[in-house]
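> Contents of protein-v2.cif (mmCIF, C-alpha atoms) are below:
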data_start
#
loop_
_atom_site.label_atom_id
_atom_site.label_comp_id
_atom_site.auth_asym_id
_atom_site.auth_seq_id
_atom_site.Cartn_x
_atom_site.Cartn_y
_atom_site.Cartn_z
CA MET A 4 0.00 0.00 0.00
CA SER A 5 1.62 3.18 -1.15
CA ILE A 6 -0.53 5.44 1.02
CA LYS A 7 0.86 6.15 4.46
CA LYS A 8 -1.09 5.76 7.64
CA VAL A 9 -1.00 9.50 8.43
CA SER A 10 -3.07 10.45 5.44
CA GLU A 11 -5.90 8.05 6.26
CA LYS A 12 -8.08 10.87 7.61
CA ARG A 13 -7.60 12.82 4.40
CA ILE A 14 -8.48 9.79 2.30
CA GLU A 15 -11.68 9.41 4.26
CA PHE A 16 -12.43 13.09 3.76
CA TRP A 17 -11.95 12.94 0.01
CA VAL A 18 -13.90 9.72 -0.38
CA GLY A 19 -16.68 11.34 1.63
CA CYS A 20 -16.65 14.37 -0.67
CA PHE A 21 -16.70 12.09 -3.70
CA ALA A 22 -19.63 10.06 -2.38
CA ILE A 23 -21.65 13.13 -1.39
CA SER A 24 -21.04 14.85 -4.71
CA SER A 25 -22.12 11.79 -6.66
CA VAL A 26 -25.31 11.57 -4.62
CA ILE A 27 -25.92 15.26 -5.40
CA ALA A 28 -25.27 14.47 -9.07
CA LEU A 29 -27.88 11.70 -8.98
CA VAL A 30 -30.40 14.01 -7.34
CA LEU A 31 -29.68 16.74 -9.92
CA LEU A 32 -30.07 14.23 -12.76
CA ALA A 33 -33.38 13.01 -11.39
CA PHE A 34 -34.96 16.32 -10.45
CA SER A 35 -33.52 19.01 -12.64
CA ILE A 36 -32.68 17.03 -15.78
CA ALA A 37 -35.28 14.27 -15.84
CA GLY A 38 -37.82 16.64 -14.30
CA VAL A 39 -39.27 14.42 -11.60
CA SER A 40 -41.52 16.40 -9.29
CA LEU A 41 -41.87 15.42 -5.66
CA GLN A 42 -45.58 16.13 -5.44
CA GLY A 43 -46.18 13.14 -7.69
CA LYS A 44 -48.84 12.83 -10.32
CA GLY A 45 -51.70 13.73 -8.04
CA LYS A 46 -55.08 12.17 -8.52
CA SER A 47 -56.12 11.28 -12.00
CA TYR A 48 -59.02 9.59 -13.72
CA THR A 49 -59.16 7.54 -16.88
CA LEU A 50 -61.04 8.39 -20.05
CA TYR A 51 -61.21 6.46 -23.29
CA ALA A 52 -61.57 7.67 -26.86
CA ASN A 53 -61.79 5.95 -30.22
CA PHE A 54 -60.19 7.67 -33.17
CA THR A 55 -60.38 6.72 -36.84
CA ASN A 56 -56.68 7.56 -37.23
CA ILE A 57 -54.19 8.56 -34.58
CA GLY A 58 -51.36 9.44 -36.99
CA GLY A 59 -48.08 9.57 -35.06
CA LEU A 60 -49.54 9.88 -31.57
CA LYS A 61 -47.36 8.20 -28.96
CA GLU A 62 -47.81 7.06 -25.41
CA ARG A 63 -47.06 9.76 -22.80
CA ALA A 64 -48.12 12.46 -25.29
CA PRO A 65 -49.85 15.35 -23.53
CA VAL A 66 -53.56 16.17 -23.57
CA LYS A 67 -53.89 19.95 -23.79
CA LEU A 68 -56.67 22.40 -23.24
CA GLY A 69 -55.78 25.75 -24.78
CA GLY A 70 -52.09 24.88 -24.42
CA VAL A 71 -52.29 23.77 -20.79
CA VAL A 72 -51.45 20.13 -20.12
CA VAL A 73 -54.49 18.53 -18.47
CA GLY A 74 -53.64 14.85 -18.96
CA ARG A 75 -51.49 12.29 -20.73
CA VAL A 76 -51.95 9.47 -23.19
CA GLU A 77 -51.48 6.34 -21.16
CA ASN A 78 -51.99 3.57 -23.65
CA ILE A 79 -52.85 3.07 -27.30
CA SER A 80 -54.49 -0.14 -28.42
CA LEU A 81 -56.68 -1.41 -31.24
CA ASP A 82 -60.36 -1.94 -30.56
CA VAL A 83 -60.88 -5.25 -32.35
CA ASP A 84 -64.68 -4.95 -32.44
CA ASN A 85 -64.70 -2.05 -34.89
CA TYR A 86 -61.02 -1.90 -35.90
CA MET A 87 -60.40 1.55 -34.48
CA PRO A 88 -57.46 2.77 -32.42
CA ARG A 89 -58.52 3.11 -28.79
CA VAL A 90 -56.64 5.61 -26.64
CA ARG A 91 -56.61 5.52 -22.86
CA LEU A 92 -56.12 8.95 -21.31
CA SER A 93 -55.08 9.70 -17.78
CA MET A 94 -56.66 13.06 -16.92
CA TYR A 95 -55.46 15.12 -13.96
CA ALA A 96 -58.31 15.46 -11.48
CA ASN A 97 -57.08 18.85 -10.23
CA LYS A 98 -57.49 20.25 -13.77
CA GLY A 99 -61.23 19.61 -13.72
CA TYR A 100 -63.84 17.38 -15.31
CA TYR A 101 -65.50 17.71 -18.70
CA SER A 102 -69.04 17.21 -19.98
CA ASP A 103 -69.83 14.38 -22.38
CA THR A 104 -70.28 16.89 -25.19
CA SER A 105 -66.52 17.61 -25.14
CA SER A 106 -64.51 16.70 -28.18
CA LEU A 107 -60.95 15.53 -28.81
CA SER A 108 -58.74 16.17 -31.81
CA ILE A 109 -55.16 15.28 -32.61
CA TYR A 110 -52.89 18.22 -33.36
CA THR A 111 -49.24 18.62 -34.23
CA SER A 112 -47.11 21.13 -32.36
CA GLY A 113 -45.31 23.07 -35.07
CA LEU A 114 -44.69 21.73 -38.53
CA LEU A 115 -42.50 18.79 -37.53
CA GLY A 116 -43.30 18.56 -33.82
CA GLU A 117 -44.77 15.88 -31.67
CA GLN A 118 -48.46 15.11 -31.86
CA TYR A 119 -50.75 15.79 -28.94
CA ILE A 120 -54.43 15.61 -28.14
CA GLY A 121 -56.42 18.81 -27.85
CA ILE A 122 -59.56 18.71 -25.76
CA ILE A 123 -62.35 21.19 -26.40
CA PRO A 124 -64.72 21.33 -23.44
CA GLY A 125 -68.36 20.98 -24.39
CA PHE A 126 -71.42 22.87 -23.18
CA ILE A 127 -73.28 21.81 -20.07
CA ASP A 128 -77.09 21.63 -20.01
CA GLU A 129 -79.78 19.38 -18.52
CA GLU A 130 -79.18 16.54 -20.97
CA SER A 131 -75.38 16.45 -20.80
CA GLU A 132 -73.53 14.64 -18.05
CA MET A 133 -70.03 15.08 -16.68
CA LEU A 134 -67.49 12.45 -17.75
CA SER A 135 -66.14 10.38 -14.93
CA ASP A 136 -63.59 7.60 -14.52
CA GLY A 137 -63.81 4.99 -17.30
CA ASP A 138 -66.11 6.92 -19.64
CA THR A 139 -65.54 7.20 -23.37
CA ILE A 140 -65.49 10.46 -25.31
CA GLU A 141 -67.55 9.96 -28.46
CA ASP A 142 -66.73 13.11 -30.41
CA THR A 143 -63.22 12.71 -31.82
CA LYS A 144 -61.45 14.11 -34.86
CA PRO A 145 -58.62 12.11 -36.41
CA ALA A 146 -55.09 13.32 -37.01
CA LEU A 147 -54.44 15.21 -40.21
CA ILE A 148 -52.50 13.02 -42.58
CA LEU A 149 -50.42 15.11 -44.93
CA GLU A 150 -50.63 12.60 -47.77
CA ASP A 151 -54.46 12.55 -47.58
CA LEU A 152 -54.55 16.35 -47.64
CA ILE A 153 -52.35 16.46 -50.72
CA GLY A 154 -54.51 13.78 -52.31
CA GLN A 155 -57.68 15.78 -51.69
CA PHE A 156 -56.02 18.94 -52.96
CA ILE A 157 -54.99 17.27 -56.22
CA TYR A 158 -58.45 15.74 -56.58
CA SER A 159 -60.11 19.14 -56.14
CA LEU A 160 -57.72 20.68 -58.65
CA GLN A 161 -58.63 18.02 -61.18
CA LYS A 162 -62.37 18.58 -60.69
CA GLU A 163 -62.00 22.31 -61.25
CA GLY A 164 -59.69 21.95 -64.22
CA MET B 6 -1.25 -24.78 -45.65
CA ILE B 7 -4.99 -25.04 -45.06
CA SER B 8 -4.52 -27.39 -42.15
CA SER B 9 -2.07 -24.99 -40.49
CA PHE B 10 -4.58 -22.14 -40.94
CA VAL B 11 -7.37 -24.23 -39.45
CA SER B 12 -5.21 -25.20 -36.50
CA ALA B 13 -4.25 -21.55 -35.97
CA VAL B 14 -7.96 -20.69 -35.76
CA GLY B 15 -8.48 -23.56 -33.35
CA ARG B 16 -5.53 -22.49 -31.24
CA THR B 17 -6.90 -18.94 -30.97
CA ILE B 18 -10.35 -20.15 -29.97
CA LEU B 19 -8.90 -22.52 -27.38
CA ALA B 20 -6.73 -19.72 -25.99
CA VAL B 21 -9.76 -17.41 -25.68
CA ILE B 22 -11.74 -20.13 -23.90
CA GLN B 23 -8.80 -20.82 -21.61
CA VAL B 24 -8.44 -17.16 -20.68
CA THR B 25 -12.19 -16.84 -20.06
CA GLY B 26 -12.17 -19.92 -17.89
CA ARG B 27 -9.19 -18.76 -15.83
CA ALA B 28 -10.75 -15.31 -15.44
CA CYS B 29 -14.04 -16.84 -14.26
CA LEU B 30 -12.21 -19.07 -11.77
CA LEU B 31 -10.30 -16.03 -10.47
CA LEU B 32 -13.58 -14.14 -10.07
CA LYS B 33 -15.09 -17.06 -8.20
CA ARG B 34 -12.08 -17.23 -5.89
CA ILE B 35 -12.36 -13.48 -5.19
CA LEU B 36 -16.09 -13.36 -4.58
CA CYS B 37 -17.10 -16.71 -3.11
CA VAL B 38 -15.01 -16.47 0.07
CA LYS B 39 -15.50 -15.07 3.52
CA PRO B 40 -14.53 -11.39 3.21
CA HIS B 41 -11.42 -9.98 4.82
CA LYS B 42 -12.14 -8.43 8.22
CA LYS B 43 -10.63 -5.08 7.22
CA LEU B 44 -12.42 -5.13 3.86
CA PHE B 45 -14.23 -1.85 4.42
CA SER B 46 -11.17 0.29 5.18
CA LEU B 47 -9.26 -1.30 2.29
CA PHE B 48 -12.28 -0.58 0.12
CA ILE B 49 -12.26 3.11 1.13
CA VAL B 50 -8.58 3.42 0.22
CA GLN B 51 -9.29 1.89 -3.17
CA ILE B 52 -12.21 4.25 -3.79
CA PHE B 53 -9.74 7.06 -3.19
CA GLN B 54 -7.19 5.50 -5.56
CA LEU B 55 -9.63 4.63 -8.33
CA GLY B 56 -12.32 7.27 -7.91
CA VAL B 57 -11.04 10.47 -6.36
CA LEU B 58 -7.80 10.40 -8.33
CA SER B 59 -9.73 9.82 -11.59
CA LEU B 60 -11.97 12.83 -10.96
CA PRO B 61 -9.85 15.49 -12.72
CA ILE B 62 -9.68 13.64 -16.05
CA ILE B 63 -13.34 12.53 -15.91
CA LEU B 64 -14.69 15.99 -15.07
CA THR B 65 -12.52 17.85 -17.58
CA ALA B 66 -13.36 15.38 -20.32
CA GLY B 67 -17.05 15.58 -19.46
CA PHE B 68 -17.08 19.35 -19.56
CA PHE B 69 -15.40 19.53 -22.95
CA ILE B 70 -17.45 16.71 -24.47
CA GLY B 71 -20.62 18.48 -23.40
CA MET B 72 -19.44 21.73 -24.97
CA VAL B 73 -18.46 20.05 -28.25
CA LEU B 74 -21.72 18.12 -28.40
CA SER B 75 -23.69 21.29 -27.89
CA LEU B 76 -21.69 23.18 -30.49
CA GLN B 77 -22.00 20.51 -33.16
CA GLY B 78 -25.61 19.75 -32.33
CA TYR B 79 -26.48 23.42 -32.66
CA TYR B 80 -25.23 23.61 -36.25
CA VAL B 81 -27.29 20.61 -37.28
CA LEU B 82 -30.43 21.62 -35.41
CA VAL B 83 -30.37 25.26 -36.51
CA ALA B 84 -30.71 24.11 -40.12
CA TYR B 85 -34.15 22.74 -39.21
CA ALA B 86 -34.96 25.69 -36.95
CA ALA B 87 -35.08 23.18 -34.11
CA GLU B 88 -32.23 24.59 -32.00
CA GLU B 89 -34.57 24.78 -29.00
CA ASN B 90 -34.28 20.98 -28.84
CA LEU B 91 -30.55 21.21 -28.16
CA GLY B 92 -31.07 20.49 -24.45
CA SER B 93 -32.85 17.24 -25.10
CA MET B 94 -30.29 16.18 -27.71
CA VAL B 95 -27.36 16.87 -25.39
CA ALA B 96 -28.96 15.22 -22.36
CA LEU B 97 -30.22 12.13 -24.16
CA SER B 98 -27.02 11.41 -26.07
CA LEU B 99 -24.99 11.90 -22.89
CA LEU B 100 -27.16 9.84 -20.60
CA ARG B 101 -27.76 7.02 -23.02
CA GLU B 102 -24.39 6.60 -24.72
CA LEU B 103 -21.58 9.07 -24.25
CA GLY B 104 -21.68 9.36 -20.48
CA PRO B 105 -21.31 5.67 -19.60
CA VAL B 106 -19.07 4.79 -22.57
CA VAL B 107 -16.62 7.69 -22.50
CA SER B 108 -16.21 7.65 -18.74
CA ALA B 109 -15.69 3.87 -18.90
CA LEU B 110 -13.02 4.28 -21.59
CA LEU B 111 -11.28 6.97 -19.54
CA PHE B 112 -11.59 4.82 -16.42
CA ALA B 113 -10.01 1.89 -18.27
CA GLY B 114 -7.12 4.09 -19.31
CA ARG B 115 -6.67 5.83 -15.98
CA ALA B 116 -7.63 3.28 -13.32
CA GLY B 117 -7.65 -0.07 -15.13
CA SER B 118 -4.06 0.29 -16.29
CA ALA B 119 -2.97 1.43 -12.82
CA LEU B 120 -4.63 -1.61 -11.25
CA THR B 121 -2.92 -4.00 -13.64
CA ALA B 122 0.49 -2.38 -13.18
CA GLU B 123 0.15 -2.36 -9.39
CA ILE B 124 -0.93 -5.97 -9.06
CA GLY B 125 1.44 -7.05 -11.81
CA LEU B 126 4.38 -5.54 -9.95
CA MET B 127 3.22 -7.11 -6.69
CA GLN B 128 3.05 -10.45 -8.48
CA SER B 129 6.45 -10.15 -10.19
CA THR B 130 8.22 -9.04 -7.02
CA GLU B 131 6.55 -11.97 -5.26
CA GLN B 132 4.74 -9.75 -2.76
CA LEU B 133 1.56 -11.72 -3.35
CA ALA B 134 3.41 -15.01 -2.85
CA SER B 135 4.94 -13.79 0.42
CA MET B 136 1.51 -12.66 1.62
CA GLU B 137 0.32 -16.19 1.03
CA MET B 138 3.33 -17.45 2.97
CA MET B 139 2.18 -15.36 5.93
CA GLY B 140 -1.26 -16.90 5.70
CA VAL B 141 -2.90 -13.77 4.26
CA SER B 142 -4.91 -14.46 1.15
CA PRO B 143 -3.88 -11.90 -1.50
CA LEU B 144 -7.21 -12.48 -3.24
CA LYS B 145 -9.09 -11.32 -0.16
CA ARG B 146 -6.61 -8.65 0.93
CA VAL B 147 -5.61 -7.15 -2.42
CA LEU B 148 -7.97 -8.15 -5.21
CA ALA B 149 -11.41 -8.18 -3.55
CA PRO B 150 -11.40 -4.54 -2.30
CA ARG B 151 -10.18 -3.37 -5.71
CA LEU B 152 -12.93 -5.22 -7.55
CA LEU B 153 -15.66 -3.87 -5.27
CA ALA B 154 -14.26 -0.34 -5.31
CA GLY B 155 -14.11 -0.38 -9.10
CA ILE B 156 -17.72 -1.50 -9.40
CA VAL B 157 -18.89 1.22 -7.01
CA THR B 158 -16.67 3.99 -8.33
CA LEU B 159 -17.36 4.06 -12.05
CA PRO B 160 -21.13 4.66 -11.73
CA MET B 161 -20.37 7.56 -9.39
CA LEU B 162 -17.86 8.96 -11.87
CA THR B 163 -20.39 8.54 -14.68
CA LEU B 164 -23.00 10.54 -12.77
CA LEU B 165 -20.53 13.36 -12.25
CA PHE B 166 -19.42 13.12 -15.88
CA ASN B 167 -23.04 13.52 -17.01
CA ILE B 168 -23.59 16.54 -14.77
CA PHE B 169 -20.44 18.27 -15.96
CA ALA B 170 -21.14 17.47 -19.60
CA ILE B 171 -24.68 18.81 -19.43
CA TRP B 172 -23.32 21.88 -17.68
CA GLY B 173 -20.78 22.36 -20.50
CA GLY B 174 -23.52 21.90 -23.08
CA TYR B 175 -25.65 24.42 -21.24
CA ILE B 176 -22.88 27.01 -21.23
CA VAL B 177 -22.26 26.72 -24.96
CA GLY B 178 -25.93 26.51 -25.87
CA VAL B 179 -27.24 29.29 -23.68
CA TYR B 180 -24.39 31.77 -23.23
CA TRP B 181 -22.74 31.36 -26.61
CA MET B 182 -25.43 30.29 -29.03
CA GLY B 183 -28.17 32.26 -27.31
CA ILE B 184 -30.75 29.53 -26.82
CA ASP B 185 -33.31 30.47 -24.22
CA SER B 186 -32.31 29.00 -20.87
CA GLY B 187 -35.89 28.08 -19.92
CA SER B 188 -36.60 26.20 -23.12
CA PHE B 189 -33.22 24.41 -22.86
CA TRP B 190 -34.24 22.92 -19.51
CA SER B 191 -37.92 22.38 -20.22
CA VAL B 192 -37.30 20.52 -23.48
CA MET B 193 -34.68 18.44 -21.65
CA GLN B 194 -37.04 17.63 -18.80
CA GLY B 195 -39.78 16.75 -21.24
CA SER B 196 -37.69 14.17 -23.06
CA VAL B 197 -35.53 12.61 -20.32
CA ASP B 198 -37.08 9.83 -18.29
CA VAL B 199 -35.62 8.92 -14.88
CA PHE B 200 -35.79 5.16 -15.22
CA ALA B 201 -35.39 4.73 -18.97
CA ASP B 202 -32.48 7.18 -19.33
CA VAL B 203 -30.82 7.93 -15.98
CA GLY B 204 -31.45 4.40 -14.66
CA ASN B 205 -30.13 2.69 -17.78
CA SER B 206 -27.10 4.97 -17.74
CA ILE B 207 -26.27 3.71 -14.24
CA ILE B 208 -26.89 0.06 -15.21
CA LYS B 209 -24.57 0.45 -18.19
CA SER B 210 -21.79 1.93 -16.10
CA VAL B 211 -22.08 -0.81 -13.46
CA VAL B 212 -21.63 -3.42 -16.20
CA PHE B 213 -18.67 -1.52 -17.68
CA ALA B 214 -17.07 -1.09 -14.25
CA PHE B 215 -17.31 -4.82 -13.64
CA ILE B 216 -15.72 -5.57 -17.01
CA ILE B 217 -12.85 -3.10 -16.55
CA THR B 218 -11.87 -4.14 -13.03
CA TRP B 219 -12.22 -7.82 -13.82
CA VAL B 220 -9.99 -7.57 -16.90
CA ALA B 221 -7.49 -5.39 -15.03
CA LEU B 222 -7.24 -7.73 -12.04
CA TYR B 223 -6.95 -10.80 -14.25
CA ASN B 224 -4.16 -9.28 -16.33
CA GLY B 225 -2.33 -8.13 -13.23
CA TYR B 226 -2.66 -11.42 -11.41
CA TYR B 227 -1.55 -13.59 -14.33
CA VAL B 228 1.27 -11.27 -15.41
CA ILE B 229 4.49 -12.60 -16.97
CA PRO B 230 6.84 -11.62 -14.11
CA ASN B 231 9.23 -9.22 -15.83
CA ALA B 232 9.27 -5.62 -17.02
CA GLN B 233 8.09 -6.47 -20.51
CA GLY B 234 5.34 -8.68 -19.11
CA ILE B 235 3.96 -5.85 -16.99
CA SER B 236 3.94 -3.46 -19.92
CA ARG B 237 2.21 -6.07 -22.08
CA SER B 238 -0.39 -6.79 -19.39
CA THR B 239 -1.15 -3.09 -18.95
CA THR B 240 -1.65 -2.66 -22.69
CA THR B 241 -3.83 -5.76 -22.86
CA THR B 242 -6.01 -4.41 -20.05
CA VAL B 243 -6.68 -1.13 -21.83
CA VAL B 244 -7.22 -2.70 -25.26
CA VAL B 245 -9.37 -5.64 -24.16
CA SER B 246 -11.50 -3.69 -21.71
CA SER B 247 -12.09 -0.88 -24.23
CA LEU B 248 -13.19 -3.35 -26.89
CA LEU B 249 -15.38 -5.24 -24.42
CA ILE B 250 -16.98 -1.95 -23.32
CA LEU B 251 -17.88 -1.02 -26.88
CA ALA B 252 -19.21 -4.48 -27.68
CA MET B 253 -21.16 -4.66 -24.43
CA ASP B 254 -22.53 -1.16 -25.01
CA PHE B 255 -24.00 -2.27 -28.32
CA ILE B 256 -25.62 -5.32 -26.72
CA LEU B 257 -27.00 -3.30 -23.80
CA THR B 258 -28.31 -0.58 -26.10
CA VAL B 259 -30.15 -3.15 -28.21
CA PHE B 260 -31.85 -4.51 -25.10
CA MET B 261 -32.55 -1.11 -23.49
CA PHE B 262 -33.58 1.07 -26.41
CA GLY B 263 -33.71 -1.19 -29.46
CA MET B 264 -36.80 -3.26 -28.76
#
Once you've parsed the file, please lay out its structure as structure tokens.

Amino acid sequence: MSIKKVSEKRIEFWVGCFAISSVIALVLLAFSIAGVSLQGKGKSYTLYANFTNIGGLKERAPVKLGGVVVGRVENISLDVDNYMPRVRLSMYANKGYYSDTSSLSIYTSGLLGEQYIGIIPGFIDEESEMLSDGDTIEDTKPALILEDLIGQFIYSLQKEG
Amino acid sequence: MISSFVSAVGRTILAVIQVTGRACLLLKRILCVKPHKKLFSLFIVQIFQLGVLSLPIILTAGFFIGMVLSLQGYYVLVAYAAEENLGSMVALSLLRELGPVVSALLFAGRAGSALTAEIGLMQSTEQLASMEMMGVSPLKRVLAPRLLAGIVTLPMLTLLFNIFAIWGGYIVGVYWMGIDSGSFWSVMQGSVDVFADVGNSIIKSVVFAFIITWVALYNGYYVIPNAQGISRSTTTTVVVSSLLILAMDFILTVFMFGM
């Protein structure tokens, strides 16, 4: 052992510094870089929605109301009964509940950005009910597919010309 | 001619199997024994030797790699007007690949070679043999604390490497290239996942640490006891552990992010 006995205290000090700083590094990575928040997810409830086409929507994509995140896409599966994509949404309970006349559409943030779900809250009257855990939103608009748009555009050009 | 070629191939394969077998037996003899009673204090000394003394090179390298990554990433992203995503690009490429791999390569060069040279010299000057004569097992007294310290140290170094590299990327991106500081962090936080990215980064570096210290201890223990033998063992440690790290990184990446 090349290290003398006298410096043992200093070794312990430096190893302690090293250990503490790497714990701080882990905490920084978790909280400030991965963005974990201590308050947790809070309460949430589950809603379902069937779309005709979800485009490039991915799990963990946000659900936004006027730009504010009010929920997340939890799971995307295929409803085998009618061959439609079925999306399970986890909605934050502290961001409120919506009536069953609300509608969902799939938007893209920016020209090349990620896709997200926009929720448009519906009106509330005697006949409408509030959506609760496990309900399905009926009114959905599919994602815009660029190729379909171009196809329609060319078709309309041909009809005019 | 052909038969000599075939037997050369066979000889190489047999040699590789022999080395692997001896290395596994050495590992078993280090780990599957009652630990030395002063293991903890020996372990602390080795953390100092392997970890604290590797800090300057790891932190400097991390800082500069982060800056270069940010600089190069900016020029690619700005062409697509996506320079706001620089934070997520820097953080993800560091956490997933560069952090564990580069710090493991530096660790192999800095600490792995030192381990091999130290144990190789102990072996060639028959210090290990005289320990055994005194009834002290060199495997327990010398090799075990080094193996454990190596496995613990490299993940800690990798965490610090990541922090310094992201800091370097932040400085170049925000203060030099003028990306908004808030969007740098928020895009990063939106794309980095604690378990998928930070967790896998730690798992990768634990695996690499095990590989490096194992290779280093094996090469030191089975050194050819002369000056040339020590130099050859040290070189072998750095070369073999670097190649194993890169190969293992590919395999781990396929399992972690490829499926």
> Taking only residues of chain B that have an atom at most 7 Å from an atom of chain A, what is each one's shortest atom pair and its distance in Å to one decimal, using all atoms listed in the file, in chain and number order, as CSV?

residue,atom,partner,partner_atom,distance
B:Ile49,CA,A:Val18,CA,7.0
B:Val50,CA,A:Ile14,CA,6.7
B:Ile52,CA,A:Val18,CA,6.7
B:Phe53,CA,A:Val18,CA,5.7
B:Val57,CA,A:Phe21,CA,6.5
B:Met161,CA,A:Ser25,CA,5.3
B:Leu164,CA,A:Ala28,CA,5.9
B:Leu165,CA,A:Ala28,CA,5.8
B:Ile168,CA,A:Ala28,CA,6.3
B:Met193,CA,A:Ile36,CA,6.4
B:Gln194,CA,A:Gly38,CA,4.7
B:Val197,CA,A:Ala37,CA,4.8
B:Asp198,CA,A:Ala37,CA,5.4
B:Val199,CA,A:Ala37,CA,5.4
> Using the chain letters and residue numbers of this document, give as a ChimeraX atom specification the residues selected by the PyMOL selection byres ((chain B and resi 32) around 10).
/B:26-31,33-37,144,148-149,152,219,222-223
> With distances taken over only C-alpha atoms, which of A:Tyr101, A:Tyr158, A:Tyr95, A:Tyr48 is nearest to Ser131 (chain A)?
A:Tyr101
> What is the distance, in Å and to one decimal place, between CA of Glu131 (chain B) and CA of Val157 (chain B)?
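Taking CA of Glu131 (chain B) and CA of Val157 (chain B), their separation equals 28.7 Å.
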> For the point (-67.1, 9.4, -32.3) in the file's frame, write as a ChimeraX atom specification all residues with an atom no more than 9 Å away, counting only C-alpha atoms.
/A:52-55,106,140-144
> Any chance you could resolve the PyMOL selection byres ((chain B and resi 74-77) around 12) against this file and give the residues as JSON, numbers by chain?
{"B": [66, 67, 68, 69, 70, 71, 72, 73, 78, 79, 80, 81, 82, 83, 84, 88, 89, 90, 91, 92, 93, 94, 95, 96, 97, 98, 99, 103, 104, 170, 171, 172, 173, 174, 175, 176, 177, 178, 179, 180, 181, 182, 183, 184, 189]}
> Enumerate, as a PDB file with C-alpha atoms, in the frame of the given file, the residues matched when the PyMOL selection byres ((chain A and resi 117) around 10) is run on the file above.

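Wrote it out as out-v7.pdb, contents follow:
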ATOM      1  CA  GLY A  59     -48.080   9.570 -35.060  1.00  0.00           C
ATOM      2  CA  LEU A  60     -49.540   9.880 -31.570  1.00  0.00           C
ATOM      3  CA  LYS A  61     -47.360   8.200 -28.960  1.00  0.00           C
ATOM      4  CA  ALA A  64     -48.120  12.460 -25.290  1.00  0.00           C
ATOM      5  CA  PRO A  65     -49.850  15.350 -23.530  1.00  0.00           C
ATOM      6  CA  TYR A 110     -52.890  18.220 -33.360  1.00  0.00           C
ATOM      7  CA  THR A 111     -49.240  18.620 -34.230  1.00  0.00           C
ATOM      8  CA  SER A 112     -47.110  21.130 -32.360  1.00  0.00           C
ATOM      9  CA  GLY A 113     -45.310  23.070 -35.070  1.00  0.00           C
ATOM     10  CA  LEU A 114     -44.690  21.730 -38.530  1.00  0.00           C
ATOM     11  CA  LEU A 115     -42.500  18.790 -37.530  1.00  0.00           C
ATOM     12  CA  GLY A 116     -43.300  18.560 -33.820  1.00  0.00           C
ATOM     13  CA  GLN A 118     -48.460  15.110 -31.860  1.00  0.00           C
ATOM     14  CA  TYR A 119     -50.750  15.790 -28.940  1.00  0.00           C
TER      15      TYR A 119
END
